[in-house]
>>> print(open('model.txt').read())   # compact mmCIF, C-alpha atoms and all ligand atoms
# COMPACT_ATOMS: atom_id res chain seq x y z
CA MET S 1 -13.37 51.78 -46.44
CA ASP S 2 -15.30 54.03 -44.06
CA VAL S 3 -17.40 55.42 -46.91
CA ILE S 4 -18.23 51.88 -48.09
CA HIS S 5 -19.07 50.84 -44.56
CA ALA S 6 -21.27 53.89 -44.04
CA PHE S 7 -23.15 53.01 -47.23
CA VAL S 8 -23.53 49.31 -46.36
CA LEU S 9 -24.50 50.11 -42.80
CA SER S 10 -27.06 52.73 -43.81
CA ASN S 11 -28.52 50.15 -46.19
CA PHE S 12 -28.62 47.69 -43.28
CA ILE S 13 -30.34 50.28 -41.12
CA LYS S 14 -32.79 51.04 -43.97
CA GLY S 15 -34.46 54.14 -42.63
CA GLY S 16 -34.80 53.03 -39.04
CA LYS S 17 -35.55 49.35 -39.74
CA LEU S 18 -32.45 48.18 -37.82
CA VAL S 19 -33.58 50.12 -34.79
CA GLU S 20 -37.09 48.65 -34.94
CA ARG S 21 -35.81 45.13 -35.62
CA PHE S 22 -33.40 44.92 -32.69
CA ILE S 23 -35.61 46.91 -30.33
CA LYS S 24 -38.22 44.20 -30.96
CA VAL S 25 -35.60 41.52 -30.24
CA ARG S 26 -34.67 43.32 -27.02
CA ARG S 27 -38.32 43.53 -25.97
CA ASP S 28 -38.96 39.85 -26.78
CA LEU S 29 -35.96 38.89 -24.64
CA HIS S 30 -36.97 41.33 -21.90
CA ARG S 31 -40.19 39.33 -21.42
CA ILE S 32 -38.39 36.07 -20.61
CA PRO S 33 -35.59 36.70 -18.09
CA GLU S 34 -34.14 33.50 -16.64
CA LEU S 35 -31.57 32.95 -13.90
CA GLY S 36 -28.07 31.55 -14.42
CA PHE S 37 -27.92 28.19 -16.23
CA GLN S 38 -31.73 28.14 -16.53
CA GLU S 39 -31.80 30.27 -19.70
CA PHE S 40 -33.70 27.61 -21.73
CA LYS S 41 -36.30 29.88 -23.36
CA THR S 42 -33.64 32.51 -23.98
CA GLN S 43 -31.41 29.95 -25.69
CA LYS S 44 -34.33 28.76 -27.83
CA TYR S 45 -35.21 32.34 -28.81
CA LEU S 46 -31.60 33.02 -29.84
CA LEU S 47 -31.33 29.75 -31.80
CA ASP S 48 -34.66 30.40 -33.55
CA TYR S 49 -33.47 33.87 -34.54
CA LEU S 50 -30.12 32.53 -35.78
CA SER S 51 -31.93 29.93 -37.92
CA THR S 52 -33.56 32.77 -39.90
CA LEU S 53 -30.16 34.10 -41.08
CA PRO S 54 -28.23 33.02 -44.21
CA GLN S 55 -26.45 29.85 -43.04
CA ALA S 56 -23.64 29.63 -45.64
CA ASN S 57 -20.88 31.05 -43.39
CA LEU S 58 -22.42 30.20 -40.01
CA GLU S 59 -21.47 27.45 -37.56
CA ILE S 60 -23.49 27.18 -34.35
CA LYS S 61 -22.73 25.03 -31.29
CA THR S 62 -24.48 25.03 -27.94
CA TRP S 63 -22.88 24.59 -24.53
CA LYS S 64 -25.30 24.18 -21.59
CA THR S 65 -27.68 27.15 -22.02
CA GLY S 66 -25.04 29.15 -23.90
CA ILE S 67 -24.29 29.34 -27.63
CA PHE S 68 -21.14 29.75 -29.74
CA VAL S 69 -21.73 31.29 -33.18
CA LYS S 70 -18.85 31.31 -35.69
CA ILE S 71 -19.05 33.39 -38.84
CA ASN S 72 -16.44 32.07 -41.21
CA GLY S 73 -14.40 34.80 -42.88
CA GLN S 74 -13.41 34.93 -46.54
CA SER S 75 -9.63 34.57 -46.00
CA PRO S 76 -9.18 34.37 -42.22
CA ARG S 77 -5.92 35.21 -40.50
CA LYS S 78 -7.39 35.55 -37.04
CA VAL S 79 -10.57 35.21 -34.97
CA ILE S 80 -12.29 38.24 -33.42
CA GLY S 81 -14.44 37.33 -30.41
CA TYR S 82 -17.51 39.07 -29.00
CA ARG S 83 -19.26 38.04 -25.79
CA ALA S 84 -22.84 38.77 -24.64
CA ASP S 85 -24.20 37.57 -21.31
CA ILE S 86 -27.76 36.21 -21.28
CA ASP S 87 -29.09 35.73 -17.71
CA GLY S 88 -31.55 37.83 -15.70
CA LEU S 89 -31.80 38.67 -11.98
CA PRO S 90 -34.21 37.62 -9.19
CA ILE S 91 -35.89 41.06 -9.09
CA THR S 92 -39.63 41.78 -9.41
CA GLU S 93 -39.98 44.27 -12.25
CA GLU S 94 -41.60 47.67 -11.62
CA THR S 95 -40.94 49.45 -14.93
CA GLY S 96 -44.55 49.54 -16.06
CA TYR S 97 -43.39 48.42 -19.53
CA LYS S 98 -46.03 46.89 -21.82
CA PHE S 99 -43.42 44.21 -22.53
CA GLN S 100 -42.70 43.62 -18.82
CA SER S 101 -41.19 40.32 -17.62
CA GLU S 102 -43.57 37.36 -17.95
CA HIS S 103 -41.40 35.48 -15.43
CA VAL S 104 -42.70 37.19 -12.32
CA GLY S 105 -39.86 37.61 -9.81
CA ASN S 106 -37.18 37.69 -12.52
CA MET S 107 -36.07 40.71 -14.53
CA HIS S 108 -33.46 41.79 -17.04
CA ALA S 109 -32.29 44.47 -14.61
CA CYS S 110 -28.66 44.42 -15.71
CA GLY S 111 -29.19 45.06 -19.43
CA HIS S 112 -28.40 41.57 -20.72
CA ASP S 113 -31.47 41.87 -23.01
CA PHE S 114 -29.59 44.80 -24.66
CA HIS S 115 -26.33 42.84 -24.75
CA MET S 116 -28.03 39.93 -26.59
CA SER S 117 -29.94 42.09 -29.02
CA ILE S 118 -26.76 44.03 -29.95
CA ALA S 119 -24.91 40.71 -30.50
CA LEU S 120 -27.71 39.48 -32.77
CA GLY S 121 -27.56 42.78 -34.65
CA LEU S 122 -23.83 42.32 -35.24
CA ILE S 123 -24.27 38.67 -36.30
CA THR S 124 -27.02 39.70 -38.71
CA TYR S 125 -24.83 42.44 -40.18
CA PHE S 126 -21.77 40.18 -40.59
CA THR S 127 -23.69 37.24 -42.09
CA GLU S 128 -24.89 39.69 -44.75
CA ASN S 129 -21.52 41.46 -45.03
CA PRO S 130 -18.77 38.91 -44.23
CA ILE S 131 -15.23 40.14 -43.60
CA SER S 132 -11.93 38.39 -44.19
CA ASP S 133 -11.40 37.22 -40.59
CA ASP S 134 -13.45 34.73 -38.61
CA LEU S 135 -15.82 36.06 -35.94
CA LEU S 136 -16.83 34.19 -32.82
CA PHE S 137 -19.91 35.33 -30.86
CA MET S 138 -20.39 33.85 -27.38
CA PHE S 139 -23.81 33.97 -25.69
CA GLN S 140 -22.73 33.30 -22.13
CA PRO S 141 -25.00 32.09 -19.31
CA ALA S 142 -24.90 32.92 -15.59
CA GLU S 143 -22.92 36.17 -15.48
CA GLU S 144 -24.80 37.24 -12.33
CA GLY S 145 -23.72 34.00 -10.71
CA PRO S 146 -22.35 31.42 -10.41
CA GLY S 147 -20.38 32.41 -13.54
CA GLY S 148 -20.44 30.99 -17.05
CA ALA S 149 -17.34 32.58 -18.61
CA GLU S 150 -14.71 30.47 -16.84
CA PRO S 151 -16.31 27.07 -17.66
CA MET S 152 -17.16 28.25 -21.20
CA LEU S 153 -13.47 29.08 -21.74
CA LYS S 154 -12.52 25.53 -20.81
CA THR S 155 -14.80 23.88 -23.39
CA ASP S 156 -13.37 22.02 -26.40
CA ILE S 157 -15.42 24.36 -28.62
CA MET S 158 -13.59 27.38 -27.19
CA GLN S 159 -10.22 25.68 -27.55
CA GLU S 160 -11.00 24.94 -31.21
CA TRP S 161 -12.45 28.38 -32.04
CA LYS S 162 -10.39 30.45 -29.59
CA PRO S 163 -10.43 34.16 -30.50
CA ASP S 164 -7.23 36.19 -30.86
CA MET S 165 -8.96 39.19 -29.35
CA VAL S 166 -12.24 39.58 -27.47
CA LEU S 167 -14.74 42.41 -26.94
CA ALA S 168 -17.76 42.99 -24.70
CA LEU S 169 -19.87 45.88 -23.49
CA HIS S 170 -22.05 46.62 -20.48
CA VAL S 171 -24.95 49.07 -20.37
CA ALA S 172 -24.34 52.13 -18.19
CA PRO S 173 -27.48 53.95 -16.92
CA GLU S 174 -25.41 56.88 -15.63
CA TYR S 175 -24.26 57.95 -19.14
CA PRO S 176 -26.57 59.29 -21.88
CA VAL S 177 -27.03 57.47 -25.19
CA GLY S 178 -24.06 58.08 -27.47
CA THR S 179 -21.49 57.79 -24.67
CA ILE S 180 -18.83 55.11 -24.64
CA ALA S 181 -16.81 54.93 -21.42
CA THR S 182 -13.78 52.78 -20.75
CA LYS S 183 -10.13 52.87 -19.73
CA GLU S 184 -6.87 51.00 -20.21
CA GLY S 185 -6.04 48.41 -17.53
CA LEU S 186 -8.33 47.75 -14.58
CA LEU S 187 -12.00 48.46 -15.36
CA PHE S 188 -14.00 46.22 -12.98
CA ALA S 189 -13.17 44.79 -9.56
CA ASN S 190 -12.34 41.34 -8.25
CA THR S 191 -15.46 39.92 -6.63
CA SER S 192 -16.35 37.17 -4.23
CA GLU S 193 -19.81 36.16 -3.12
CA LEU S 194 -20.29 35.72 0.62
CA PHE S 195 -22.60 33.33 2.51
CA ILE S 196 -22.34 33.10 6.31
CA ASP S 197 -24.43 30.65 8.37
CA LEU S 198 -24.68 31.07 12.15
CA LYS S 199 -26.00 28.35 14.44
CA GLY S 200 -26.55 28.87 18.16
CA LYS S 201 -29.18 27.82 20.68
CA GLY S 202 -32.78 28.89 20.22
CA GLY S 203 -35.50 29.02 22.87
CA HIS S 204 -38.37 30.89 24.50
CA ALA S 205 -38.32 34.67 23.98
CA ALA S 206 -38.81 35.14 27.72
CA TYR S 207 -35.71 33.08 28.67
CA PRO S 208 -32.82 34.70 26.76
CA HIS S 209 -30.31 33.61 29.44
CA ASN S 210 -30.82 29.96 28.35
CA THR S 211 -30.08 30.64 24.67
CA ASN S 212 -27.43 31.91 22.23
CA ASP S 213 -29.41 34.31 20.07
CA MET S 214 -28.24 34.23 16.44
CA ILE S 215 -30.12 37.45 15.55
CA ILE S 216 -27.86 39.33 17.99
CA ALA S 217 -24.75 37.46 16.79
CA ALA S 218 -25.55 38.13 13.11
CA CYS S 219 -26.31 41.83 13.73
CA ASN S 220 -23.00 42.23 15.55
CA LEU S 221 -21.12 40.46 12.80
CA VAL S 222 -22.69 42.71 10.13
CA THR S 223 -21.62 45.77 12.15
CA GLN S 224 -18.10 44.41 12.64
CA LEU S 225 -17.76 43.65 8.90
CA GLN S 226 -18.02 47.40 8.27
CA SER S 227 -14.67 47.90 10.02
CA ILE S 228 -12.78 45.83 7.42
CA VAL S 229 -12.90 48.53 4.76
CA SER S 230 -12.48 51.42 7.20
CA ARG S 231 -9.68 49.89 9.34
CA ASN S 232 -7.93 47.09 7.41
CA VAL S 233 -7.83 48.24 3.78
CA ASP S 234 -5.22 50.85 2.82
CA PRO S 235 -7.14 54.16 2.53
CA LEU S 236 -5.47 54.71 -0.86
CA ASP S 237 -6.78 51.34 -2.04
CA SER S 238 -10.54 50.59 -2.26
CA ALA S 239 -12.81 47.74 -1.29
CA VAL S 240 -16.48 46.99 -0.69
CA VAL S 241 -18.09 44.58 1.75
CA THR S 242 -21.84 44.63 1.12
CA VAL S 243 -24.43 42.56 2.98
CA GLY S 244 -27.42 42.32 0.65
CA LYS S 245 -29.54 39.90 2.62
CA MET S 246 -29.91 38.79 6.24
CA THR S 247 -32.35 36.18 7.46
CA GLY S 248 -32.88 34.48 10.80
CA GLY S 249 -35.33 33.10 13.28
CA THR S 250 -38.83 31.75 12.87
CA VAL S 251 -41.47 33.84 14.72
CA GLN S 252 -41.63 36.88 16.99
CA ASN S 253 -41.51 35.07 20.34
CA ILE S 254 -38.82 32.48 19.65
CA ILE S 255 -35.14 33.30 20.06
CA ALA S 256 -33.41 32.47 16.78
CA GLU S 257 -31.31 29.33 16.60
CA LYS S 258 -30.10 30.19 13.09
CA ALA S 259 -29.27 33.24 11.00
CA ARG S 260 -27.78 33.72 7.54
CA ILE S 261 -25.92 36.63 6.00
CA GLU S 262 -25.47 36.96 2.22
CA GLY S 263 -23.26 39.51 0.55
CA THR S 264 -20.41 40.28 -1.78
CA ILE S 265 -16.82 41.48 -1.49
CA ARG S 266 -15.19 43.74 -4.10
CA THR S 267 -11.50 44.70 -4.30
CA LEU S 268 -9.14 46.33 -6.80
CA SER S 269 -6.55 43.52 -6.62
CA PRO S 270 -6.48 39.78 -5.86
CA GLU S 271 -4.05 40.53 -2.97
CA SER S 272 -6.52 42.92 -1.38
CA MET S 273 -9.27 40.26 -1.76
CA ALA S 274 -7.09 37.76 0.16
CA LYS S 275 -6.56 40.31 2.94
CA VAL S 276 -10.28 41.17 3.25
CA LYS S 277 -11.18 37.47 3.46
CA LYS S 278 -8.51 36.85 6.13
CA ARG S 279 -9.88 39.68 8.28
CA LEU S 280 -13.45 38.50 7.76
CA LEU S 281 -12.54 35.00 8.96
CA ALA S 282 -10.83 36.49 12.03
CA LEU S 283 -13.98 38.47 12.91
CA VAL S 284 -16.09 35.33 12.44
CA LYS S 285 -13.83 33.48 14.92
CA GLY S 286 -14.46 36.26 17.45
CA ILE S 287 -18.23 35.90 17.00
CA GLU S 288 -17.99 32.13 17.50
CA VAL S 289 -16.15 32.61 20.80
CA GLY S 290 -18.17 35.62 21.95
CA TYR S 291 -21.60 34.16 21.22
CA GLU S 292 -20.81 30.45 21.73
CA CYS S 293 -22.05 29.49 18.29
CA GLU S 294 -20.91 27.77 15.10
CA VAL S 295 -20.32 29.91 12.05
CA THR S 296 -19.60 28.60 8.56
CA VAL S 297 -18.37 30.84 5.74
CA ASP S 298 -18.79 30.05 2.04
CA PHE S 299 -17.14 32.47 -0.39
CA GLY S 300 -19.30 31.21 -3.30
CA ALA S 301 -18.37 32.30 -6.81
CA MET S 302 -15.37 34.56 -7.39
CA TYR S 303 -14.75 36.71 -10.46
CA HIS S 304 -11.36 37.81 -11.70
CA GLN S 305 -10.97 41.57 -12.35
CA VAL S 306 -11.74 42.98 -15.80
CA PHE S 307 -8.39 44.22 -17.10
CA ASN S 308 -8.43 45.89 -20.54
CA ASP S 309 -5.53 45.48 -22.94
CA ALA S 310 -3.86 48.91 -23.12
CA THR S 311 -3.06 48.96 -26.86
CA LEU S 312 -6.45 47.69 -28.01
CA THR S 313 -8.32 50.00 -25.64
CA ARG S 314 -6.42 53.07 -26.77
CA GLU S 315 -7.03 52.14 -30.39
CA PHE S 316 -10.74 51.48 -29.75
CA MET S 317 -11.19 54.81 -27.95
CA GLU S 318 -9.43 56.71 -30.74
CA PHE S 319 -11.54 54.86 -33.32
CA ALA S 320 -14.80 55.64 -31.50
CA GLU S 321 -13.86 59.31 -31.07
CA GLN S 322 -13.88 59.80 -34.86
CA LEU S 323 -17.50 58.71 -35.22
CA ASP S 324 -20.42 61.11 -35.37
CA LYS S 325 -22.81 61.00 -32.41
CA VAL S 326 -20.30 59.14 -30.19
CA GLN S 327 -18.73 60.75 -27.11
CA VAL S 328 -15.82 58.86 -25.58
CA VAL S 329 -15.24 59.19 -21.84
CA GLU S 330 -12.17 57.90 -20.04
CA CYS S 331 -13.84 56.59 -16.88
CA LYS S 332 -12.56 55.40 -13.52
CA GLU S 333 -12.57 51.75 -12.53
CA ALA S 334 -15.82 50.50 -10.96
CA MET S 335 -16.56 48.08 -8.14
CA THR S 336 -18.89 46.07 -10.37
CA GLY S 337 -17.77 42.54 -11.17
CA GLU S 338 -17.90 40.68 -14.49
CA ASP S 339 -16.79 37.17 -15.28
CA PHE S 340 -15.73 38.49 -18.69
CA GLY S 341 -12.57 39.17 -16.63
CA TYR S 342 -11.69 35.47 -17.03
CA MET S 343 -11.80 35.83 -20.83
CA LEU S 344 -9.56 38.92 -20.68
CA LYS S 345 -7.13 37.02 -18.44
CA GLU S 346 -6.49 34.60 -21.35
CA ILE S 347 -7.24 36.67 -24.44
CA PRO S 348 -6.31 40.33 -25.12
CA GLY S 349 -9.33 42.56 -25.51
CA LEU S 350 -11.53 45.10 -23.79
CA MET S 351 -14.86 45.85 -22.24
CA PHE S 352 -16.60 49.22 -22.34
CA TRP S 353 -19.64 50.92 -20.83
CA LEU S 354 -22.44 51.80 -23.26
CA GLY S 355 -24.49 54.84 -22.17
CA VAL S 356 -28.21 54.02 -21.88
CA GLY S 357 -29.33 56.98 -19.70
CA SER S 358 -31.77 55.60 -17.11
CA GLU S 359 -32.89 57.38 -13.94
CA TYR S 360 -32.70 54.06 -12.10
CA GLY S 361 -29.45 52.11 -12.03
CA LEU S 362 -28.34 48.54 -12.61
CA HIS S 363 -30.03 45.89 -10.44
CA HIS S 364 -33.02 48.22 -9.86
CA SER S 365 -36.61 47.12 -10.48
CA LYS S 366 -37.28 50.35 -12.42
CA LEU S 367 -34.26 50.26 -14.74
CA THR S 368 -35.46 51.63 -18.11
CA PRO S 369 -32.50 51.90 -20.48
CA ASP S 370 -32.87 54.08 -23.60
CA GLU S 371 -33.21 51.77 -26.60
CA GLY S 372 -31.47 54.31 -28.84
CA ALA S 373 -28.21 52.84 -27.49
CA ILE S 374 -28.79 49.63 -29.49
CA GLU S 375 -28.13 51.46 -32.74
CA THR S 376 -25.09 53.27 -31.28
CA ALA S 377 -23.55 49.93 -30.26
CA ILE S 378 -24.27 48.06 -33.51
CA SER S 379 -23.04 50.96 -35.60
CA LEU S 380 -19.81 51.44 -33.58
CA LEU S 381 -18.97 47.77 -33.16
CA SER S 382 -19.69 46.75 -36.75
CA ARG S 383 -17.33 49.51 -37.92
CA TYR S 384 -14.64 48.66 -35.37
CA ILE S 385 -14.79 44.90 -36.06
CA GLU S 386 -14.65 45.55 -39.80
CA PHE S 387 -11.63 47.82 -39.24
CA LYS S 388 -9.90 45.18 -37.09
CA GLY S 389 -10.79 42.41 -39.53
CA THR S 390 -9.35 44.08 -42.56
CA ASN S 391 -6.65 46.48 -41.33
CA ASP S 392 -4.90 44.33 -38.77
CA SER S 393 -2.18 41.71 -39.31
C1 LIG O 401 -22.11 44.09 -13.95
C2 LIG O 401 -22.65 43.47 -12.71
O1 LIG O 401 -23.55 44.04 -12.10
N1 LIG O 401 -22.13 42.30 -12.32
C3 LIG O 401 -22.48 41.63 -11.11
C4 LIG O 401 -21.66 40.37 -10.97
C5 LIG O 401 -22.04 39.54 -9.75
C6 LIG O 401 -20.93 38.66 -9.26
C7 LIG O 401 -21.28 37.82 -8.06
N2 LIG O 401 -22.57 37.22 -8.11
C8 LIG O 401 -21.14 38.65 -6.78
O2 LIG O 401 -22.12 39.20 -6.29
O3 LIG O 401 -20.02 38.74 -6.26
C9 LIG O 401 -22.20 42.55 -9.92
O4 LIG O 401 -22.91 42.42 -8.89
O5 LIG O 401 -21.29 43.40 -9.98
>>> encode(input="model.txt", output="structure tokens", more="lines below")
Ligand SMILES: CC(=O)N[C@@H](CCC[C@H](N)C(=O)O)C(=O)O
Amino acid sequence: MDVIHAFVLSNFIKGGKLVERFIKVRRDLHRIPELGFQEFKTQKYLLDYLSTLPQANLEIKTWKTGIFVKINGQSPRKVIGYRADIDGLPITEETGYKFQSEHVGNMHACGHDFHMSIALGLITYFTENPISDDLLFMFQPAEEGPGGAEPMLKTDIMQEWKPDMVLALHVAPEYPVGTIATKEGLLFANTSELFIDLKGKGGHAAYPHNTNDMIIAACNLVTQLQSIVSRNVDPLDSAVVTVGKMTGGTVQNIIAEKARIEGTIRTLSPESMAKVKKRLLALVKGIEVGYECEVTVDFGAMYHQVFNDATLTREFMEFAEQLDKVQVVECKEAMTGEDFGYMLKEIPGLMFWLGVGSEYGLHHSKLTPDEGAIETAISLLSRYIEFKGTNDS
């Protein structure tokens, strides 16, 4: 089977054509990054591409800005699922690419352009080389927030086409091309967004004694939040409380009536998340009393941890290890979040890191992943899916 696959795949690659074809797709998508649930051009691009493929075994349904693509197998006994996220981030690109984002202020700085192009590569391969089982590809909106996986799971389409196992990958700038990194069990953290609004009493900069300054209150709260991880979380556990944005006030000589803190919480268990939130609310109460102000806390979108099925992950790692030009690394869990965790909560499967070797990391304006990883991913996943679709009961 492996010899046949190698032949078919090398035909598909046709002397570098696969690389060129899906690098072009990646670059086209890189130009049009859109934020969560606004991925209209992205959806159109994906649908236009899908319309160029042989349609005999394809069924396509849209959901909001997302897409479900089913490739009907020849004698299906199960459905193998694959998910790619499709949204960009509100970051102004500084890569210097010729194919830089045309949506100034938005960027594919988390590799979702790679994720989509790899999914299209796999769909292209399997429409030309169908297997016995059904395949379901999910192009999922809003991974960066507010989360598309959980609502997508609840759709009638998903209930009808529900996969028996599900796979996804995420680009990893810290590993070189050719590296696959994953682990059994917990891979990514539980996350919760964090939005805190403070309202006090503003006034003239020269009369602080008549005001309740929300710049001072917010700064103190940010400092106090740092004690949650250092003093309230078990040192043998791990957690993150990051404030990514703080705003407040109007001009230099007015004491601020309002301030806002935006951040994210990451923990290795749902129980630890509950504890961090409880401590945070207690500190907020102290600020309200101490600074005579009103503080509202909104925990925004939450993501369930990414927890890989042990048997499938072990099998996938052993499978990948046998392939030329692939190095498998058993990594540690990371404090990144991924709403793919909701899919893994309901369906056995796994996520893995795909090495793309970039000097700058995820969510950075200069992220420049190595496009050689597109071929690594299509080659590995087409082989693994074919193996699962023919060798598994
Ligand atoms: C892989 C990755 O970078 N995921 C994002 C998910 C964001 C979740 C949510 N908006 C939050 O900030 O809590 C991440 O930041 O880890």
>>> residues_near_ligand(input="model.txt", ligand="ligand LIG 401 (chain O)", cutoff="8 Å", atoms="all atoms listed in the file", output="list in words")
Cys110, Glu143, Glu144, Gly145, Pro146, Gly147, His170, Thr191, Ser192, Glu193, Leu194, Gly263, Thr264, Ile265, Arg266, Ala301, Met302, Tyr303, Met335, Thr336, Gly337, Glu338, Asp339, Leu362 and His363 of chain S
>>> residues_around(input="model.txt", residues="range 67-73 of chain S", least_positions_apart="6", cutoff="6 Å", atoms="all atoms listed in the file", output="list in words")
Asn57, Leu58, Glu59, Ile60, Lys61, Ile131, Ser132, Asp133, Asp134, Leu135, Leu136, Phe137, Met138 and Phe139 of chain S
>>> closest_residue(input="model.txt", among="S:Ala282, S:Val171, S:Ile157, S:Ile287", to="Asn212 in chain S", atoms="all atoms listed in the file")
S:Ile287
>>> residues_near_point(input="model.txt", point="(-37.0, 33.3, -17.6)", cutoff="9 Å", atoms="all atoms listed in the file", output="number ranges by chain")
S: 31-35, 38-42, 87-88, 101-104, 106-107
>>> atom_distance(input="model.txt", atom1="CA of Leu167 in chain S", atom2="CA of Ser379 in chain S")
14.7 Å
>>> closest_residue(input="model.txt", among="S:Ser382, S:Ser365, S:Thr247, S:Gln322", to="Met214 in chain S", atoms="only C-alpha atoms")
S:Thr247
>>> build_atoms(input="model.txt", residues="range 113-124 of chain S", atoms="N, CA and C atoms", output="mmCIF file, in the coordinates of the input")
data_model
loop_
_atom_site.group_PDB
_atom_site.id
_atom_site.type_symbol
_atom_site.label_atom_id
_atom_site.label_comp_id
_atom_site.auth_asym_id
_atom_site.auth_seq_id
_atom_site.Cartn_x
_atom_site.Cartn_y
_atom_site.Cartn_z
ATOM 1 N N ASP S 113 -30.579 41.885 -21.835
ATOM 2 C CA ASP S 113 -31.470 41.870 -23.010
ATOM 3 C C ASP S 113 -30.876 42.770 -24.109
ATOM 4 N N PHE S 114 -30.298 43.918 -23.705
ATOM 5 C CA PHE S 114 -29.590 44.800 -24.660
ATOM 6 C C PHE S 114 -28.365 44.090 -25.222
ATOM 7 N N HIS S 115 -27.597 43.473 -24.310
ATOM 8 C CA HIS S 115 -26.330 42.840 -24.750
ATOM 9 C C HIS S 115 -26.616 41.793 -25.831
ATOM 10 N N MET S 116 -27.696 40.996 -25.621
ATOM 11 C CA MET S 116 -28.030 39.930 -26.590
ATOM 12 C C MET S 116 -28.512 40.527 -27.899
ATOM 13 N N SER S 117 -29.376 41.539 -27.795
ATOM 14 C CA SER S 117 -29.940 42.090 -29.020
ATOM 15 C C SER S 117 -28.850 42.760 -29.868
ATOM 16 N N ILE S 118 -27.885 43.412 -29.219
ATOM 17 C CA ILE S 118 -26.760 44.030 -29.950
ATOM 18 C C ILE S 118 -25.924 42.929 -30.628
ATOM 19 N N ALA S 119 -25.684 41.825 -29.909
ATOM 20 C CA ALA S 119 -24.910 40.710 -30.500
ATOM 21 C C ALA S 119 -25.639 40.146 -31.713
ATOM 22 N N LEU S 120 -26.958 39.994 -31.616
ATOM 23 C CA LEU S 120 -27.710 39.480 -32.770
ATOM 24 C C LEU S 120 -27.665 40.473 -33.931
ATOM 25 N N GLY S 121 -27.676 41.758 -33.608
ATOM 26 C CA GLY S 121 -27.560 42.780 -34.650
ATOM 27 C C GLY S 121 -26.234 42.659 -35.387
ATOM 28 N N LEU S 122 -25.161 42.450 -34.621
ATOM 29 C CA LEU S 122 -23.830 42.320 -35.240
ATOM 30 C C LEU S 122 -23.751 41.043 -36.076
ATOM 31 N N ILE S 123 -24.300 39.944 -35.549
ATOM 32 C CA ILE S 123 -24.270 38.670 -36.300
ATOM 33 C C ILE S 123 -25.043 38.841 -37.607
ATOM 34 N N THR S 124 -26.199 39.489 -37.513
ATOM 35 C CA THR S 124 -27.020 39.700 -38.710
ATOM 36 C C THR S 124 -26.222 40.504 -39.740
#
